[in-house]
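Shown next: model.pdb, containing PDB, C-alpha atoms.
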MODEL        1
ATOM      1  CA  GLN A   1       2.492  14.465  14.305
ATOM      2  CA  VAL A   2       2.242  12.052  11.402
ATOM      3  CA  GLN A   3      -0.743   9.759  11.288
ATOM      4  CA  LEU A   4      -1.712   7.211   8.662
ATOM      5  CA  VAL A   5      -5.175   5.720   9.062
ATOM      6  CA  GLU A   6      -6.306   2.862   6.859
ATOM      7  CA  SER A   7      -9.884   1.863   6.122
ATOM      8  CA  GLY A   8     -11.838  -0.174   3.619
ATOM      9  CA  GLY A   9     -10.863  -3.687   4.545
ATOM     10  CA  GLY A  10     -13.397  -6.461   4.904
ATOM     11  CA  SER A  11     -14.459  -9.926   3.857
ATOM     12  CA  VAL A  12     -15.241 -10.749   0.246
ATOM     13  CA  GLN A  13     -15.538 -13.806  -1.933
ATOM     14  CA  ALA A  14     -12.915 -14.659  -4.501
ATOM     15  CA  GLY A  15     -13.295 -12.501  -7.578
ATOM     16  CA  GLY A  16     -14.633  -9.585  -5.588
ATOM     17  CA  SER A  17     -13.228  -6.109  -5.098
ATOM     18  CA  LEU A  18     -12.259  -3.829  -2.252
ATOM     19  CA  ARG A  19     -10.875  -0.321  -2.098
ATOM     20  CA  LEU A  20      -8.502   0.536   0.717
ATOM     21  CA  SER A  21      -7.920   4.114   1.815
ATOM     22  CA  CYS A  22      -5.089   5.653   3.792
ATOM     23  CA  ALA A  23      -5.788   9.091   5.185
ATOM     24  CA  ALA A  24      -2.586  10.958   5.963
ATOM     25  CA  SER A  25      -2.318  13.791   8.452
ATOM     26  CA  GLY A  26       0.830  15.697   9.229
ATOM     27  CA  TYR A  27       2.329  14.188   6.085
ATOM     28  CA  PRO A  28       1.559  15.161   2.490
ATOM     29  CA  ALA A  29       0.245  12.129   0.637
ATOM     30  CA  SER A  30       2.253  13.123  -2.398
ATOM     31  CA  SER A  31       5.501  13.381  -0.484
ATOM     32  CA  ASN A  32       8.142  10.978  -1.688
ATOM     33  CA  CYS A  33       7.437   7.306  -1.111
ATOM     34  CA  MET A  34       4.076   5.953   0.023
ATOM     35  CA  GLY A  35       2.530   2.588  -0.475
ATOM     36  CA  TRP A  36       0.849  -0.551   0.730
ATOM     37  CA  PHE A  37       2.285  -3.614   2.413
ATOM     38  CA  ARG A  38       0.555  -6.752   3.595
ATOM     39  CA  GLN A  39       1.271  -9.432   6.118
ATOM     40  CA  ALA A  40      -0.397 -12.801   6.394
ATOM     41  CA  PRO A  41      -0.162 -14.889   9.591
ATOM     42  CA  GLY A  42       3.243 -16.501   9.898
ATOM     43  CA  GLN A  43       4.639 -14.637   6.918
ATOM     44  CA  GLU A  44       6.878 -11.619   6.483
ATOM     45  CA  ARG A  45       5.471  -8.239   5.621
ATOM     46  CA  GLU A  46       5.685  -7.739   1.864
ATOM     47  CA  GLY A  47       5.348  -4.777  -0.435
ATOM     48  CA  VAL A  48       2.214  -4.711  -2.562
ATOM     49  CA  ALA A  49       2.236  -1.346  -4.341
ATOM     50  CA  LEU A  50       4.354   1.783  -4.026
ATOM     51  CA  LEU A  51       3.959   5.296  -5.375
ATOM     52  CA  TYR A  52       6.706   7.899  -5.568
ATOM     53  CA  ASN A  53       5.976  11.603  -5.206
ATOM     54  CA  GLY A  54       2.343  11.424  -6.127
ATOM     55  CA  GLY A  55       2.935   9.277  -9.179
ATOM     56  CA  VAL A  56       5.589  11.150 -11.148
ATOM     57  CA  TYR A  57       6.940   7.715 -11.985
ATOM     58  CA  THR A  58       5.068   4.538 -12.839
ATOM     59  CA  PRO A  59       3.851   2.862  -9.642
ATOM     60  CA  ASN A  60       5.647  -0.258  -8.503
ATOM     61  CA  TYR A  61       3.636  -3.456  -7.952
ATOM     62  CA  ALA A  62       4.366  -6.905  -6.630
ATOM     63  CA  ASP A  63       4.160  -9.491  -9.411
ATOM     64  CA  SER A  64       1.357 -11.267  -7.565
ATOM     65  CA  VAL A  65      -0.978  -8.265  -7.837
ATOM     66  CA  LYS A  66      -0.057  -6.762 -11.205
ATOM     67  CA  GLY A  67      -3.095  -6.247 -13.378
ATOM     68  CA  ARG A  68      -5.458  -6.628 -10.407
ATOM     69  CA  PHE A  69      -4.468  -3.873  -7.946
ATOM     70  CA  THR A  70      -4.139  -0.157  -8.632
ATOM     71  CA  ILE A  71      -2.518   2.381  -6.343
ATOM     72  CA  SER A  72      -3.499   6.032  -6.561
ATOM     73  CA  GLN A  73      -3.645   9.147  -4.489
ATOM     74  CA  ASP A  74      -5.892  12.172  -4.073
ATOM     75  CA  LYS A  75      -3.699  15.148  -3.293
ATOM     76  CA  ALA A  76      -6.584  17.370  -2.253
ATOM     77  CA  ALA A  77      -7.854  14.774   0.226
ATOM     78  CA  ASN A  78      -4.306  13.782   1.259
ATOM     79  CA  THR A  79      -5.352  10.173   0.832
ATOM     80  CA  LEU A  80      -3.731   7.118  -0.714
ATOM     81  CA  TYR A  81      -5.859   4.360  -2.217
ATOM     82  CA  LEU A  82      -5.490   0.742  -3.235
ATOM     83  CA  GLN A  83      -8.152  -0.581  -5.582
ATOM     84  CA  MET A  84      -8.127  -4.372  -5.413
ATOM     85  CA  ASN A  85      -9.987  -6.327  -8.080
ATOM     86  CA  SER A  86     -10.240 -10.035  -8.858
ATOM     87  CA  LEU A  87      -9.315 -10.838  -5.290
ATOM     88  CA  LYS A  88      -7.944 -14.285  -4.496
ATOM     89  CA  PRO A  89      -7.828 -16.215  -1.215
ATOM     90  CA  GLU A  90      -4.048 -15.734  -1.192
ATOM     91  CA  ASP A  91      -4.626 -11.967  -0.950
ATOM     92  CA  THR A  92      -5.921 -12.508   2.590
ATOM     93  CA  ALA A  93      -3.744 -10.481   4.954
ATOM     94  CA  MET A  94      -3.511  -7.410   7.114
ATOM     95  CA  TYR A  95      -2.850  -4.477   4.805
ATOM     96  CA  TYR A  96      -0.746  -1.561   5.980
ATOM     97  CA  CYS A  97      -0.168   1.904   4.616
ATOM     98  CA  ALA A  98       3.444   3.072   4.844
ATOM     99  CA  ALA A  99       5.330   6.249   4.060
ATOM    100  CA  ASP A 100       8.779   7.736   4.297
ATOM    101  CA  PRO A 101       9.941  11.178   3.184
ATOM    102  CA  GLY A 102      13.554  10.100   2.919
ATOM    103  CA  LEU A 103      13.184   7.474   0.204
ATOM    104  CA  GLU A 104      14.087   8.702  -3.248
ATOM    105  CA  TRP A 105      12.559   7.315  -6.427
ATOM    106  CA  ASN A 106      15.141   4.576  -6.887
ATOM    107  CA  ASP A 107      14.475   3.347  -3.354
ATOM    108  CA  CYS A 108      10.708   3.401  -3.687
ATOM    109  CA  THR A 109      10.321  -0.081  -5.119
ATOM    110  CA  ILE A 110       8.771  -3.386  -4.146
ATOM    111  CA  ALA A 111      12.239  -4.580  -3.214
ATOM    112  CA  THR A 112      12.552  -1.884  -0.551
ATOM    113  CA  LYS A 113      12.486  -3.360   2.926
ATOM    114  CA  SER A 114       9.551  -2.577   5.165
ATOM    115  CA  THR A 115      12.054  -1.528   7.837
ATOM    116  CA  ASP A 116      13.077   1.403   5.613
ATOM    117  CA  PHE A 117       9.680   3.014   6.059
ATOM    118  CA  GLY A 118       9.349   5.279   9.063
ATOM    119  CA  TYR A 119       5.608   5.779   9.194
ATOM    120  CA  TRP A 120       2.916   3.107   9.379
ATOM    121  CA  GLY A 121      -0.802   2.861   9.786
ATOM    122  CA  GLN A 122      -2.492   0.431  12.138
ATOM    123  CA  GLY A 123      -3.577  -1.895   9.355
ATOM    124  CA  THR A 124      -6.866  -3.063   7.898
ATOM    125  CA  GLN A 125      -7.813  -6.716   7.496
ATOM    126  CA  VAL A 126      -8.692  -8.164   4.109
ATOM    127  CA  THR A 127     -10.167 -11.662   4.016
ATOM    128  CA  VAL A 128     -10.961 -13.398   0.743
ATOM    129  CA  SER A 129     -12.924 -16.634   0.838
ATOM    130  CA  SER A 130     -12.996 -19.220  -1.910
TER
ENDMDL
END
Can the structure in the file be given as structure tokens, please?
Amino acid sequence: QVQLVESGGGSVQAGGSLRLSCAASGYPASSNCMGWFRQAPGQEREGVALLYNGGVYTPNYADSVKGRFTISQDKAANTLYLQMNSLKPEDTAMYYCAADPGLEWNDCTIATKSTDFGYWGQGTQVTVSS
């Protein structure tokens, strides 16, 4: 049984940092496409950062987070991370870890629809105050 469990969310002031973790069980963290999405109230779920096959290709980031967020994974711990620096109030959202073994590298991009991912975590809330 595949489980993705996020942690690390919280409340910070603008300019602060948080590190999200996604512990994967029943699913190798380096297997094909894994990444982070976020959803703010009243908005659609959007891709934030995606990693293909443990990082054999350059990670894919949303333009709004480039230079501030870094996605990485620890194969030994079977865990995916999202380091978020220079946080802004507009980063406030529920952050979700997602994975799918069927997505190849050319489908593991920010443009990929959230509905194409078969496995999801329960989400972790990030709130950034100004």
Practice task
Please indicate the distance in Å from CA of Gly15 in chain A to CA of Arg45 in chain A, rounded to one decimal place.
Solution key: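 According to the coordinates, CA of Gly15 in chain A and CA of Arg45 in chain A are separated by 23.3 Å.
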Fill in the blank from the handout: Taken to one decimal, the CA of Ala76 in chain A-CA of Asn60 in chain A distance is 22.3 Å
Problem - Among listed residues A:Gln13, A:Ser25, A:Gln39, A:Gln73, nearest Asn85 in chain A (using only C-alpha atoms) - result: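 Of all the options, A:Gln13 lies closest to Asn85 in chain A.
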Exercise for the section: Tell me which protein, DNA and RNA residues are within 7 Å of Ala98 in chain A, counting only C-alpha atoms, leaving out same-chain ones fewer than 6 positions away, and put them as a ChimeraX atom specification. Expected result: /A:34-36,117,119-121
Output C-alpha atoms for every residue in the selection just made, as a PDB file, keeping the file's coordinate frame.
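Full text of again-v3.pdb as output:
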ATOM      1  CA  MET A  34       4.076   5.953   0.023  1.00  0.00           C
ATOM      2  CA  GLY A  35       2.530   2.588  -0.475  1.00  0.00           C
ATOM      3  CA  TRP A  36       0.849  -0.551   0.730  1.00  0.00           C
ATOM      4  CA  PHE A 117       9.680   3.014   6.059  1.00  0.00           C
ATOM      5  CA  TYR A 119       5.608   5.779   9.194  1.00  0.00           C
ATOM      6  CA  TRP A 120       2.916   3.107   9.379  1.00  0.00           C
ATOM      7  CA  GLY A 121      -0.802   2.861   9.786  1.00  0.00           C
TER       8      GLY A 121
END
Problem - All residues 12 Å or closer to Thr124 in chain A, only C-alpha atoms, same chain fewer than 2 positions away omitted, as number ranges by chain - result: A: 4-11, 18-22, 36-40, 82, 92-97, 120-122, 126-127
Suppose we keep C-alpha atoms; can you now write the selection as an mmCIF file, in the coordinates of the input?
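Saved to result_15.cif:
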data_model
loop_
_atom_site.group_PDB
_atom_site.id
_atom_site.type_symbol
_atom_site.label_atom_id
_atom_site.label_comp_id
_atom_site.auth_asym_id
_atom_site.auth_seq_id
_atom_site.Cartn_x
_atom_site.Cartn_y
_atom_site.Cartn_z
ATOM 1 C CA LEU A 4 -1.712 7.211 8.662
ATOM 2 C CA VAL A 5 -5.175 5.720 9.062
ATOM 3 C CA GLU A 6 -6.306 2.862 6.859
ATOM 4 C CA SER A 7 -9.884 1.863 6.122
ATOM 5 C CA GLY A 8 -11.838 -0.174 3.619
ATOM 6 C CA GLY A 9 -10.863 -3.687 4.545
ATOM 7 C CA GLY A 10 -13.397 -6.461 4.904
ATOM 8 C CA SER A 11 -14.459 -9.926 3.857
ATOM 9 C CA LEU A 18 -12.259 -3.829 -2.252
ATOM 10 C CA ARG A 19 -10.875 -0.321 -2.098
ATOM 11 C CA LEU A 20 -8.502 0.536 0.717
ATOM 12 C CA SER A 21 -7.920 4.114 1.815
ATOM 13 C CA CYS A 22 -5.089 5.653 3.792
ATOM 14 C CA TRP A 36 0.849 -0.551 0.730
ATOM 15 C CA PHE A 37 2.285 -3.614 2.413
ATOM 16 C CA ARG A 38 0.555 -6.752 3.595
ATOM 17 C CA GLN A 39 1.271 -9.432 6.118
ATOM 18 C CA ALA A 40 -0.397 -12.801 6.394
ATOM 19 C CA LEU A 82 -5.490 0.742 -3.235
ATOM 20 C CA THR A 92 -5.921 -12.508 2.590
ATOM 21 C CA ALA A 93 -3.744 -10.481 4.954
ATOM 22 C CA MET A 94 -3.511 -7.410 7.114
ATOM 23 C CA TYR A 95 -2.850 -4.477 4.805
ATOM 24 C CA TYR A 96 -0.746 -1.561 5.980
ATOM 25 C CA CYS A 97 -0.168 1.904 4.616
ATOM 26 C CA TRP A 120 2.916 3.107 9.379
ATOM 27 C CA GLY A 121 -0.802 2.861 9.786
ATOM 28 C CA GLN A 122 -2.492 0.431 12.138
ATOM 29 C CA VAL A 126 -8.692 -8.164 4.109
ATOM 30 C CA THR A 127 -10.167 -11.662 4.016
#
Problem - Surrounding residues of Gly118 in chain A excluding itself and chain neighbours under 5 positions, 9 Å, all atoms listed in the file, as a ChimeraX atom specification - result: /A:98-102
